[in-house]
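Participant: Contents of my_file.cif (mmCIF, C-alpha atoms) are below:
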```cif
data_coords
loop_
_atom_site.label_atom_id
_atom_site.label_comp_id
_atom_site.auth_asym_id
_atom_site.auth_seq_id
_atom_site.Cartn_x
_atom_site.Cartn_y
_atom_site.Cartn_z
CA MET A 221 -69.49 105.17 -32.72
CA SER A 222 -66.07 106.71 -33.18
CA GLU A 223 -65.32 107.80 -36.70
CA GLN A 224 -61.72 106.64 -36.20
CA GLU A 225 -62.70 102.97 -35.80
CA GLU A 226 -61.93 100.85 -38.84
CA SER A 227 -65.09 99.87 -40.65
CA ALA A 228 -66.34 98.74 -44.04
CA LEU A 229 -69.63 98.57 -45.88
CA ILE A 230 -70.83 95.03 -46.58
CA ASP A 231 -73.89 93.67 -48.34
CA VAL A 232 -76.73 92.51 -46.11
CA ALA A 233 -76.42 89.06 -47.70
CA ARG A 234 -73.01 88.67 -45.99
CA LEU A 235 -74.35 89.10 -42.45
CA ARG A 236 -73.77 86.41 -39.83
CA VAL A 237 -73.95 86.05 -36.06
CA GLY A 238 -70.98 87.70 -34.34
CA LEU A 239 -70.66 90.73 -36.63
CA TYR A 240 -70.71 94.17 -35.02
CA ILE A 241 -72.65 96.45 -37.35
CA SER A 242 -74.22 99.88 -37.62
CA LEU A 243 -77.51 100.65 -39.37
CA ASP A 244 -77.77 103.82 -41.45
CA LEU A 245 -81.33 104.52 -40.29
CA GLY A 246 -83.12 106.73 -37.83
CA TRP A 247 -83.62 105.14 -34.40
CA MET A 248 -87.39 105.02 -34.85
CA ASP A 249 -87.04 103.26 -38.24
CA HIS A 250 -86.03 99.87 -36.83
CA PRO A 251 -86.91 97.73 -33.79
CA PHE A 252 -83.40 97.34 -32.34
CA ILE A 253 -82.37 98.98 -29.09
CA SER A 254 -79.45 100.72 -30.80
CA ASN A 255 -78.28 101.60 -34.30
CA SER A 256 -74.99 99.82 -33.53
CA PHE A 257 -74.79 96.32 -32.03
CA LYS A 258 -73.32 92.84 -32.36
CA ILE A 259 -75.60 90.37 -34.12
CA SER A 260 -76.53 87.67 -31.60
CA ASP A 261 -78.93 85.39 -33.51
CA GLU A 262 -80.34 84.59 -36.95
CA GLY A 263 -83.59 86.34 -36.13
CA GLN A 264 -81.80 89.68 -36.03
CA ILE A 265 -80.38 89.02 -39.49
CA GLN A 266 -83.85 88.34 -40.86
CA THR A 267 -85.10 91.55 -39.24
CA ILE A 268 -82.29 93.55 -40.86
CA LYS A 269 -83.14 92.08 -44.24
CA ARG A 270 -86.75 93.21 -43.83
CA LEU A 271 -85.52 96.79 -43.37
CA GLU A 272 -84.73 96.83 -47.09
CA LEU A 273 -81.14 97.96 -46.54
CA LYS A 274 -78.66 96.93 -49.20
CA GLN A 275 -75.58 97.43 -47.04
CA VAL A 276 -74.61 97.94 -43.39
CA ARG A 277 -71.39 99.16 -41.81
CA TYR A 278 -69.25 96.42 -40.28
CA TYR A 279 -66.63 96.90 -37.51
CA PRO A 280 -63.98 94.14 -37.57
CA ALA A 281 -62.36 95.03 -34.22
CA LYS A 282 -65.65 94.61 -32.35
CA SER A 283 -66.75 91.49 -34.20
CA SER A 284 -66.20 87.88 -33.20
CA ALA A 285 -66.73 86.53 -36.73
CA LEU A 286 -65.99 87.42 -40.34
CA PRO A 287 -68.64 88.29 -42.94
CA LEU A 288 -69.84 85.53 -45.22
CA GLU A 289 -68.09 85.27 -48.55
CA PRO A 290 -69.78 87.27 -51.33
CA ALA A 291 -72.37 85.21 -53.19
CA ALA A 292 -72.85 85.21 -56.94
CA GLN A 293 -75.15 87.99 -58.10
CA ALA A 294 -78.68 86.61 -58.14
CA ALA A 295 -81.19 87.63 -60.78
CA PRO A 296 -83.68 90.17 -59.47
CA ALA A 297 -87.03 88.73 -58.44
CA VAL A 298 -89.96 89.61 -60.65
CA ASP A 299 -92.68 91.63 -58.90
CA ALA A 300 -91.31 90.55 -55.55
CA ALA A 301 -93.43 91.92 -52.74
CA ALA A 302 -91.62 94.19 -50.30
CA PRO A 303 -90.82 92.33 -47.06
CA GLN A 304 -93.20 93.27 -44.26
CA PRO A 305 -92.15 93.75 -40.63
CA SER A 306 -93.31 91.07 -38.24
CA ALA A 307 -95.76 91.73 -35.42
CA GLU A 308 -92.86 91.59 -32.94
CA GLU A 309 -90.92 94.21 -34.90
CA LEU A 310 -93.91 96.54 -35.06
CA ALA A 311 -94.42 96.08 -31.33
CA ALA A 312 -90.77 96.97 -30.69
CA ILE A 313 -91.10 100.20 -32.67
CA GLN A 314 -94.31 101.05 -30.82
CA ALA A 315 -92.50 100.40 -27.53
CA LYS A 316 -89.90 102.97 -28.58
CA GLN A 317 -92.64 105.54 -29.06
CA GLN A 318 -93.99 104.73 -25.60
CA ARG A 319 -90.51 105.15 -24.09
CA ILE A 320 -90.22 108.60 -25.63
CA GLU A 321 -93.56 109.54 -24.05
CA ARG A 322 -92.44 108.15 -20.67
CA LEU A 323 -89.27 110.21 -20.91
CA ARG A 324 -91.30 113.33 -21.73
CA GLN A 325 -93.51 112.75 -18.69
CA HIS A 326 -90.43 112.04 -16.61
CA ARG A 327 -88.89 115.39 -17.52
CA GLN A 328 -92.10 117.16 -16.58
CA SER A 329 -91.86 115.47 -13.19
CA VAL A 330 -88.27 116.68 -12.92
CA LEU A 331 -89.38 120.29 -13.34
CA LYS A 332 -92.02 119.81 -10.66
CA CYS A 333 -89.42 118.18 -8.41
CA GLU A 334 -86.88 120.95 -8.82
CA LYS A 335 -89.49 123.61 -7.99
CA LEU A 336 -90.49 121.72 -4.85
CA LEU A 337 -86.89 121.23 -3.80
CA LEU A 338 -86.05 124.90 -4.26
CA GLU A 339 -89.05 125.86 -2.15
CA SER A 340 -88.00 123.40 0.54
CA VAL A 341 -84.40 124.65 0.61
CA ASN A 342 -85.67 128.20 0.99
CA ALA A 343 -87.98 127.07 3.80
CA ILE A 344 -85.07 125.45 5.65
CA LYS A 345 -83.00 128.58 5.18
CA GLN A 346 -85.80 130.64 6.72
CA ILE A 347 -86.07 128.17 9.61
CA ASN A 348 -82.37 128.51 10.39
CA GLN A 349 -82.45 132.30 10.15
CA THR A 350 -85.35 132.60 12.62
CA LEU A 351 -84.10 129.93 14.99
CA PHE A 352 -83.25 132.30 17.82
CA SER A 353 -85.19 135.45 16.96
CA GLN A 354 -88.53 133.68 16.42
CA PRO A 355 -88.18 130.18 17.94
CA LYS A 356 -91.91 129.36 18.04
CA GLU A 357 -92.39 130.40 14.41
CA CYS A 358 -89.25 128.45 13.49
CA VAL A 359 -90.61 125.20 14.93
CA ALA A 360 -94.05 125.82 13.44
CA ASN A 361 -92.51 126.34 9.99
CA ALA A 362 -90.53 123.13 10.31
CA VAL A 363 -93.64 121.18 11.32
CA THR A 364 -95.49 122.68 8.35
CA LEU A 365 -92.68 121.72 5.96
CA ILE A 366 -92.62 118.12 7.21
CA GLY A 367 -96.41 117.95 7.07
CA LYS A 368 -96.35 119.11 3.47
CA MET A 369 -93.83 116.42 2.57
CA VAL A 370 -95.84 113.71 4.31
CA ASP A 371 -99.29 114.76 3.12
CA SER A 372 -98.38 115.75 -0.44
CA LEU A 373 -95.48 113.47 -1.26
CA LEU A 374 -95.52 110.50 1.07
CA THR A 375 -98.73 109.08 -0.38
CA ASP A 376 -97.32 106.08 -2.22
CA LYS A 377 -95.53 102.98 -1.04
CA ASP A 378 -92.68 103.38 -3.48
CA VAL A 379 -90.41 106.35 -3.79
CA ALA A 380 -88.79 108.41 -6.46
CA ILE A 381 -85.22 109.45 -5.94
CA TYR A 382 -84.19 112.34 -8.08
CA ALA A 383 -80.82 113.81 -8.83
CA MET A 384 -80.94 117.55 -8.22
CA ASN A 385 -79.50 120.62 -9.90
CA ASP A 386 -76.04 121.70 -8.88
CA LYS A 387 -76.04 123.18 -5.41
CA VAL A 388 -76.46 126.91 -4.94
CA ALA A 389 -73.05 128.25 -3.95
CA GLY A 390 -72.80 128.97 -0.25
CA GLU A 391 -76.07 127.20 0.64
CA GLU A 392 -74.86 123.61 1.04
CA VAL A 393 -75.80 123.71 4.72
CA TYR A 394 -79.49 123.97 3.76
CA HIS A 395 -79.41 121.08 1.26
CA HIS A 396 -78.08 118.53 3.74
CA PRO A 397 -80.95 118.61 6.27
CA LEU A 398 -83.46 118.47 3.42
CA ASN A 399 -81.76 115.45 1.90
CA VAL A 400 -81.52 113.64 5.22
CA SER A 401 -85.10 114.47 6.17
CA ILE A 402 -86.68 113.26 2.93
CA LEU A 403 -84.59 110.14 2.63
CA ALA A 404 -85.14 109.34 6.33
CA MET A 405 -88.90 109.54 5.78
CA ILE A 406 -88.58 107.27 2.73
CA LEU A 407 -86.77 104.73 4.90
CA ALA A 408 -89.13 105.17 7.85
CA LYS A 409 -92.11 104.40 5.64
CA GLN A 410 -90.29 101.41 4.13
CA LEU A 411 -89.73 100.11 7.67
CA GLY A 412 -93.45 100.33 8.42
CA LEU A 413 -93.49 103.29 10.79
CA SER A 414 -96.79 105.09 11.32
CA LYS A 415 -97.52 108.46 9.76
CA ASP A 416 -96.93 110.26 13.06
CA GLU A 417 -93.65 108.41 13.54
CA VAL A 418 -92.56 109.34 10.00
CA ARG A 419 -93.27 112.98 10.88
CA LEU A 420 -91.09 112.74 14.00
CA VAL A 421 -88.25 111.17 12.02
CA GLY A 422 -88.52 113.90 9.38
CA LEU A 423 -88.57 116.67 11.98
CA GLY A 424 -85.58 115.21 13.80
CA ALA A 425 -83.68 115.00 10.52
CA ILE A 426 -84.53 118.62 9.64
CA PHE A 427 -83.04 119.73 12.97
CA HIS A 428 -80.31 117.08 13.35
CA ASP A 429 -77.45 119.51 12.67
CA ILE A 430 -78.99 122.46 14.51
CA GLY A 431 -75.99 122.53 16.85
CA LYS A 432 -73.79 123.59 13.94
CA THR A 433 -75.25 127.08 14.28
CA ARG A 434 -72.70 127.46 17.10
CA ILE A 435 -69.79 126.27 14.96
CA PRO A 436 -67.88 128.94 12.98
CA ASP A 437 -68.40 128.89 9.21
CA ASN A 438 -64.67 128.65 8.60
CA ILE A 439 -64.80 125.18 10.16
CA LEU A 440 -68.08 124.07 8.59
CA ARG A 441 -67.01 125.09 5.08
CA LYS A 442 -63.37 124.06 5.28
CA THR A 443 -62.51 121.78 2.36
CA GLN A 444 -59.09 120.77 3.73
CA PRO A 445 -58.80 118.19 6.54
CA LEU A 446 -59.71 119.65 9.93
CA THR A 447 -57.07 119.99 12.60
CA LYS A 448 -57.54 117.99 15.82
CA PRO A 449 -58.84 121.04 17.75
CA GLU A 450 -61.25 121.79 14.88
CA GLN A 451 -62.46 118.19 14.89
CA ASN A 452 -63.05 118.35 18.63
CA PHE A 453 -64.96 121.62 18.28
CA LEU A 454 -67.13 120.22 15.46
CA ALA A 455 -67.85 117.09 17.51
CA GLN A 456 -69.58 119.28 20.08
CA HIS A 457 -72.44 120.13 17.70
CA PRO A 458 -74.73 117.28 18.91
CA ILE A 459 -74.38 118.61 22.47
CA TYR A 460 -75.09 122.17 21.38
CA GLY A 461 -77.99 120.86 19.31
CA GLU A 462 -79.52 119.05 22.28
CA GLU A 463 -79.42 122.28 24.30
CA ILE A 464 -81.04 124.25 21.48
CA GLY A 465 -83.64 121.52 20.90
CA ARG A 466 -84.73 121.63 24.55
CA SER A 467 -84.96 125.43 24.45
CA LEU A 468 -87.24 125.11 21.42
CA GLY A 469 -89.45 122.60 23.21
CA LEU A 470 -88.93 119.84 20.65
CA ALA A 471 -90.30 116.36 21.34
CA PRO A 472 -87.96 113.87 23.08
CA PRO A 473 -87.57 111.60 19.98
CA VAL A 474 -86.54 114.65 17.94
CA ILE A 475 -84.02 115.68 20.60
CA ASP A 476 -82.66 112.10 20.63
CA ILE A 477 -81.97 112.36 16.89
CA ILE A 478 -80.25 115.73 17.32
CA GLN A 479 -78.10 114.52 20.21
CA HIS A 480 -77.15 111.05 19.01
CA HIS A 481 -77.08 111.03 15.19
CA HIS A 482 -73.30 110.40 15.28
CA GLU A 483 -73.46 107.39 17.61
CA ALA A 484 -72.50 103.95 16.28
CA MET A 485 -73.78 100.45 17.01
CA ASP A 486 -70.31 99.33 18.15
CA GLY A 487 -70.00 102.20 20.64
CA SER A 488 -67.37 104.09 18.66
CA GLY A 489 -69.53 107.15 17.96
CA TYR A 490 -70.03 110.40 19.82
CA PRO A 491 -70.86 112.29 22.01
CA ASP A 492 -71.91 109.60 24.52
CA ARG A 493 -70.48 106.41 22.97
CA LEU A 494 -73.86 104.72 23.07
CA ALA A 495 -73.99 101.23 21.58
CA GLY A 496 -76.59 98.87 20.17
CA GLU A 497 -80.17 99.36 21.32
CA ALA A 498 -79.10 102.10 23.72
CA ILE A 499 -79.28 104.27 20.60
CA PRO A 500 -82.97 105.14 20.03
CA TYR A 501 -84.50 103.44 16.99
CA PHE A 502 -85.39 106.63 15.11
CA THR A 503 -81.85 107.86 15.69
CA ARG A 504 -80.36 104.64 14.31
CA LEU A 505 -82.39 105.22 11.17
CA VAL A 506 -81.13 108.79 10.74
CA CYS A 507 -77.53 107.64 11.39
CA VAL A 508 -77.69 105.50 8.23
CA VAL A 509 -79.17 108.24 6.06
CA ASN A 510 -76.90 110.97 7.43
CA THR A 511 -73.80 108.91 6.63
CA PHE A 512 -75.01 108.21 3.10
CA ASP A 513 -75.68 111.86 2.29
CA ASN A 514 -72.37 112.96 3.80
CA LEU A 515 -70.56 110.50 1.53
CA CYS A 516 -72.47 111.66 -1.56
CA ASN A 517 -72.34 115.37 -0.75
CA PRO A 518 -69.23 116.20 1.32
CA VAL A 519 -68.00 119.75 1.90
CA ASN A 520 -65.25 119.15 -0.66
CA PRO A 521 -66.93 117.96 -3.90
CA LEU A 522 -63.68 116.27 -4.95
CA ASN A 523 -64.28 113.72 -2.19
CA ALA A 524 -67.84 112.93 -3.27
CA LEU A 525 -68.81 109.31 -3.86
CA THR A 526 -71.47 108.22 -6.31
CA PRO A 527 -74.61 106.74 -4.69
CA TYR A 528 -73.38 103.28 -5.75
CA GLU A 529 -69.97 103.87 -4.18
CA ALA A 530 -71.52 105.26 -0.99
CA ILE A 531 -73.79 102.26 -0.48
CA SER A 532 -70.96 99.85 -1.32
CA SER A 533 -68.65 101.56 1.16
CA MET A 534 -71.28 101.57 3.92
CA PHE A 535 -71.92 97.86 3.48
CA ALA A 536 -68.34 96.70 2.93
CA LYS A 537 -66.47 98.96 5.36
CA GLN A 538 -68.93 100.48 7.82
CA ARG A 539 -71.79 98.08 8.42
CA HIS A 540 -70.59 97.44 12.00
CA LEU A 541 -71.58 101.05 12.71
CA PHE A 542 -75.24 100.65 11.74
CA ASP A 543 -78.34 98.74 12.76
CA ALA A 544 -78.17 95.71 10.44
CA ALA A 545 -81.91 95.56 9.70
CA ILE A 546 -82.14 99.28 8.98
CA LEU A 547 -79.09 99.19 6.71
CA LYS A 548 -80.51 96.19 4.83
CA SER A 549 -83.82 97.99 4.31
CA PHE A 550 -82.00 101.12 3.17
CA ILE A 551 -80.00 99.20 0.55
CA HIS A 552 -83.17 97.46 -0.64
CA THR A 553 -84.90 100.85 -0.97
CA MET A 554 -82.04 102.52 -2.82
CA GLY A 555 -81.10 99.57 -5.02
CA VAL A 556 -77.65 98.25 -5.95
CA TYR A 557 -77.41 101.03 -8.53
CA PRO A 558 -79.31 103.98 -7.04
CA PRO A 559 -80.96 106.45 -9.40
CA GLY A 560 -78.43 108.95 -10.67
CA THR A 561 -75.64 106.38 -10.99
CA VAL A 562 -73.70 106.73 -14.26
CA VAL A 563 -72.84 103.35 -15.78
CA ARG A 564 -71.18 101.69 -18.75
CA LEU A 565 -73.25 98.94 -20.30
CA SER A 566 -71.95 95.66 -21.65
CA ASN A 567 -72.33 96.99 -25.20
CA GLU A 568 -70.08 99.94 -24.22
CA MET A 569 -72.89 102.48 -24.16
CA TRP A 570 -72.90 105.22 -21.49
CA ALA A 571 -76.09 105.44 -19.45
CA ILE A 572 -77.59 106.87 -16.27
CA VAL A 573 -79.84 104.87 -13.95
CA THR A 574 -83.36 106.27 -13.70
CA SER A 575 -85.37 103.52 -11.98
CA VAL A 576 -84.63 100.87 -9.39
CA ASN A 577 -85.88 97.34 -10.01
CA THR A 578 -86.43 96.00 -6.49
CA ASN A 579 -87.06 92.45 -7.76
CA LYS A 580 -83.96 92.39 -9.96
CA PRO A 581 -81.57 94.99 -8.47
CA LEU A 582 -78.89 94.34 -11.10
CA LYS A 583 -81.36 95.21 -13.87
CA PRO A 584 -82.51 98.82 -13.38
CA THR A 585 -83.95 101.11 -16.03
CA VAL A 586 -81.46 103.50 -17.63
CA VAL A 587 -81.34 106.37 -20.08
CA ALA A 588 -78.64 105.66 -22.68
CA TYR A 589 -76.41 108.02 -24.62
CA ASP A 590 -76.48 107.75 -28.40
CA ALA A 591 -75.13 110.52 -30.60
CA ASP A 592 -77.55 109.42 -33.34
CA VAL A 593 -80.62 109.95 -31.12
CA PRO A 594 -81.72 113.46 -30.06
CA LYS A 595 -81.53 114.07 -26.31
CA GLU A 596 -85.28 114.67 -26.10
CA GLU A 597 -85.82 111.21 -27.60
CA ALA A 598 -83.11 109.49 -25.55
CA ARG A 599 -83.64 105.79 -25.12
CA LEU A 600 -85.16 104.53 -21.88
CA ILE A 601 -83.92 100.95 -21.52
CA ASP A 602 -85.38 98.47 -19.04
CA LEU A 603 -82.46 96.08 -18.58
CA GLU A 604 -84.79 93.39 -17.21
CA HIS A 605 -86.21 93.05 -20.71
CA GLU A 606 -82.85 93.20 -22.50
CA PRO A 607 -81.16 89.87 -21.68
CA THR A 608 -78.10 90.67 -23.80
CA LEU A 609 -77.39 93.91 -21.90
CA SER A 610 -76.02 94.39 -18.41
CA ILE A 611 -74.09 96.96 -16.38
CA SER A 612 -70.36 96.38 -16.67
CA LYS A 613 -69.17 99.16 -14.35
CA THR A 614 -70.11 102.43 -12.68
CA VAL A 615 -68.52 105.73 -13.67
CA ARG A 616 -68.10 109.06 -11.92
CA PRO A 617 -69.73 111.90 -13.85
CA ALA A 618 -66.40 113.75 -14.14
CA GLN A 619 -65.03 110.80 -16.14
CA LEU A 620 -67.59 111.21 -18.92
CA PRO A 621 -66.68 112.78 -22.24
CA GLN A 622 -68.15 116.26 -22.34
CA GLU A 623 -70.73 115.46 -25.02
CA VAL A 624 -71.95 112.46 -23.00
CA PHE A 625 -72.09 114.53 -19.80
CA ASN A 626 -74.18 117.18 -21.55
CA TYR A 627 -76.53 114.53 -22.94
CA LEU A 628 -77.09 112.53 -19.74
CA SER A 629 -76.89 115.60 -17.46
CA PRO A 630 -75.75 113.82 -14.29
CA ARG A 631 -76.15 116.13 -11.30
CA GLN A 632 -73.46 117.19 -8.85
CA ARG A 633 -75.58 116.88 -5.73
CA ILE A 634 -78.13 114.24 -4.88
CA THR A 635 -81.51 114.86 -3.31
CA TYR A 636 -84.64 112.77 -2.93
CA TYR A 637 -88.41 113.14 -3.08
CA PHE A 638 -91.49 111.03 -3.40
CA ASP A 639 -93.20 110.67 -6.78
CA GLU A 640 -96.94 110.11 -6.54
CA ALA A 641 -97.14 109.20 -10.23
CA SER A 642 -94.62 106.33 -10.13
CA PRO A 643 -95.95 103.59 -7.84
CA SER A 644 -93.52 100.97 -9.09
CA SER A 645 -90.21 102.72 -9.48
CA ALA A 646 -87.69 105.14 -8.11
CA VAL A 647 -86.55 107.71 -10.60
CA ALA A 648 -83.64 110.11 -11.11
CA THR A 649 -83.37 113.16 -13.33
CA SER A 650 -81.47 113.00 -16.57
#
```
Is it possible to give me this structure as structure tokens?
Facilitator:
Amino acid sequence: MSEQEESALIDVARLRVGLYISLDLGWMDHPFISNSFKISDEGQIQTIKRLELKQVRYYPAKSSALPLEPAAQAAPAVDAAAPQPSAEELAAIQAKQQRIERLRQHRQSVLKCEKLLLESVNAIKQINQTLFSQPKECVANAVTLIGKMVDSLLTDKDVAIYAMNDKVAGEEVYHHPLNVSILAMILAKQLGLSKDEVRLVGLGAIFHDIGKTRIPDNILRKTQPLTKPEQNFLAQHPIYGEEIGRSLGLAPPVIDIIQHHHEAMDGSGYPDRLAGEAIPYFTRLVCVVNTFDNLCNPVNPLNALTPYEAISSMFAKQRHLFDAAILKSFIHTMGVYPPGTVVRLSNEMWAIVTSVNTNKPLKPTVVAYDADVPKEEARLIDLEHEPTLSISKTVRPAQLPQEVFNYLSPRQRITYYFDEASPSSAVATS
């Protein structure tokens, strides 16, 4: 709550529905989701009275009603028993304690995730560096990496989608194939592909941009718009990749992904202008994922879209380019507000989405910013169980006040991995 907002202390006896108030208590000392909120029913007033507060802070500008008129001073009750919290209030406080524990476990998972991702990025870097000097070892290492992902991470139906640490400068090229490979395997499993098919999709995604090894770095890393000759040169990378893939002895479905991951369902893609089912199924799957990651993690970070914006753009402006069933499954998997999306709630709180609710996609779980609550005890809010709260808009991380950014810790690049410990949700770091 801004200290500059006009406020006044009022007696608890003057409370009524419609007042926006703030409680001068620790977050764990009351059952409400926030210290500051608008009173929505008489039950909340009775709960506040049981907190034994004499006064609360009232904010006129955020209220839709005026406080009750002061009542005549009543004589103090003799030996009045202290009001006791109801069973529901005690349960709410206990639920807060459970949320703190979930958040602690979540952060432990984040550390595990980041270690795994760093190892995977390093593995992809090694694969690229030995591509021509040790081709057999290169392919064997890639198969091992995909096998590790499938056997160790792809063990649960549901997926966890984590926001990753800021990219390592100069190594963006290694993050992209990892992102595409993991997310493609998530989608492949969601679509019911077999374990061997998931492996092929993952391997094709790891190698999908292999042809870029023949494109100069000054083109690959250029943050300004490419010239027409540069665009034409870059558009050759699927052809170069197909040649390299054959020299490595990769399986035909993997080579298809390498050669055709820029084709489009309407025939407007490249290099062969394939259309519809002429594009192999696995390749159509990777086309969706590759586009998403390119929108979230472009060469120029200033052009980056949030996951929410990327999915919205793909559906609203580009869905004619993709296999409709695959795109629908992808959106269902990622959710309307994918993990890592920064949002503003209807009560004006900042928050970051941590879990997708596949049954109620507009009601994900979020971690909320509150200056009165330590970061390590940040509130985990399941919007499905908070009928008075909803997401009012999404926000780019750069638009956050610095203290909110530091608290929520939204990441600059997005990556994805499977979480064996979370069978019912997809989670993002915070």
Participant: Between atom CA of Leu541 of chain A and atom CA of Asp486 of chain A, what distance in Å does the model show, to one decimal?
Facilitator: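 Atom CA of Leu541 of chain A sits 5.8 Å away from atom CA of Asp486 of chain A.
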Participant: Near segment 246-259 of chain A, counting only C-alpha atoms, which residues have an atom at most 9 Å away, once you skip same-chain residues fewer than 2 positions from it, shown as a PyMOL selection string?
Facilitator: chain A and resi 221+235-244+261-262+264-265+267-268+271+282-284+308-317+567+590+592-593+599+601+606
Participant: Using only C-alpha atoms, which residue out of A:Met405, A:Val615, A:Ile478, A:Met485 lies closest to Pro527 of chain A?
Facilitator: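 That would be A:Val615, the residue with the smallest distance to Pro527 of chain A.
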Participant: Identify, on the basis of only C-alpha atoms, every residue whose closest approach to Ile477 of chain A does not exceed 10 Å; exclude the query and any residue fewer than 4 positions from it along the same chain; express the result as number ranges by chain.
Facilitator: A: 420-421, 423-429, 458, 461-462, 472-473, 481-483, 499-507
Participant: Got a sec: who's within 12 Å of Ala228 of chain A, counting only C-alpha atoms, leaving out chain neighbours fewer than 5 positions off, as JSON, numbers by chain?
Facilitator: {"A": [223, 239, 240, 241, 242, 275, 276, 277, 278, 279, 280, 281, 286, 287]}
Participant: Selection in question (the file shown): the PyMOL selection byres ((chain A and resi 539) around 12). Which residues does it include, as a PyMOL selection string?
Facilitator: chain A and resi 484-486+507-508+511-512+530-538+540-548+550-551
Participant: Convert the current residue selection to file output with C-alpha atoms, as a short mmCIF file (atom, residue, chain, number, x, y, z; two decimals), keeping the file's coordinate frame.
Facilitator:
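Writing done, so here's part.cif:
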```cif
data_model
loop_
_atom_site.label_atom_id
_atom_site.label_comp_id
_atom_site.auth_asym_id
_atom_site.auth_seq_id
_atom_site.Cartn_x
_atom_site.Cartn_y
_atom_site.Cartn_z
CA ALA A 484 -72.50 103.95 16.28
CA MET A 485 -73.78 100.45 17.01
CA ASP A 486 -70.31 99.33 18.15
CA CYS A 507 -77.53 107.64 11.39
CA VAL A 508 -77.69 105.50 8.23
CA THR A 511 -73.80 108.91 6.63
CA PHE A 512 -75.01 108.21 3.10
CA ALA A 530 -71.52 105.26 -0.99
CA ILE A 531 -73.79 102.26 -0.48
CA SER A 532 -70.96 99.85 -1.32
CA SER A 533 -68.65 101.56 1.16
CA MET A 534 -71.28 101.57 3.92
CA PHE A 535 -71.92 97.86 3.48
CA ALA A 536 -68.34 96.70 2.93
CA LYS A 537 -66.47 98.96 5.36
CA GLN A 538 -68.93 100.48 7.82
CA HIS A 540 -70.59 97.44 12.00
CA LEU A 541 -71.58 101.05 12.71
CA PHE A 542 -75.24 100.65 11.74
CA ASP A 543 -78.34 98.74 12.76
CA ALA A 544 -78.17 95.71 10.44
CA ALA A 545 -81.91 95.56 9.70
CA ILE A 546 -82.14 99.28 8.98
CA LEU A 547 -79.09 99.19 6.71
CA LYS A 548 -80.51 96.19 4.83
CA PHE A 550 -82.00 101.12 3.17
CA ILE A 551 -80.00 99.20 0.55
#
```
Participant: Have a look at atom CA of Val576 of chain A and atom CA of Ser414 of chain A and let me know their distance in Å, one decimal.
Facilitator: 24.4 Å
Participant: What is the atom CA of Lys269 of chain A to atom CA of Leu288 of chain A distance in Å?
Facilitator: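 Atom-to-atom, atom CA of Lys269 of chain A and atom CA of Leu288 of chain A are spaced 14.9 Å apart.
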Participant: I would like the residues chosen by the PyMOL selection byres ((chain A and resi 341) around 9) on the shown file; could you give them as a list of chain:residue names?
Facilitator: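 Applied to this file, the PyMOL selection byres ((chain A and resi 341) around 9) selects A:Leu336, A:Leu337, A:Leu338, A:Glu339, A:Ser340, A:Asn342, A:Ala343, A:Ile344, A:Lys345, A:Gln346, A:Glu391, A:Tyr394, A:His395, A:Pro397, A:Leu398.
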Participant: Hey, which of A:Leu351, A:Arg493, A:Leu600, A:Val363 ends up closest to Arg434 of chain A? Count all atoms listed in the file.
Facilitator: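 Result for the nearest residue to Arg434 of chain A: A:Leu351.
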Participant: Any chance you could work out the residue set of the PyMOL selection byres ((chain A and resi 520) around 10) here, as a ChimeraX atom specification?
Facilitator: /A:441-445,517-519,521-524
Participant: Centre and edge lengths, as lines of an AutoDock Vina configuration file, for the axis-aligned box enclosing every listed atom of segment 426-432 of chain A with 6 Å of padding on each of the six sides, in Å to one decimal?
Facilitator:
```
center_x = -79.2
center_y = 120.3
center_z = 13.2
size_x = 22.7
size_y = 18.5
size_z = 19.2
```
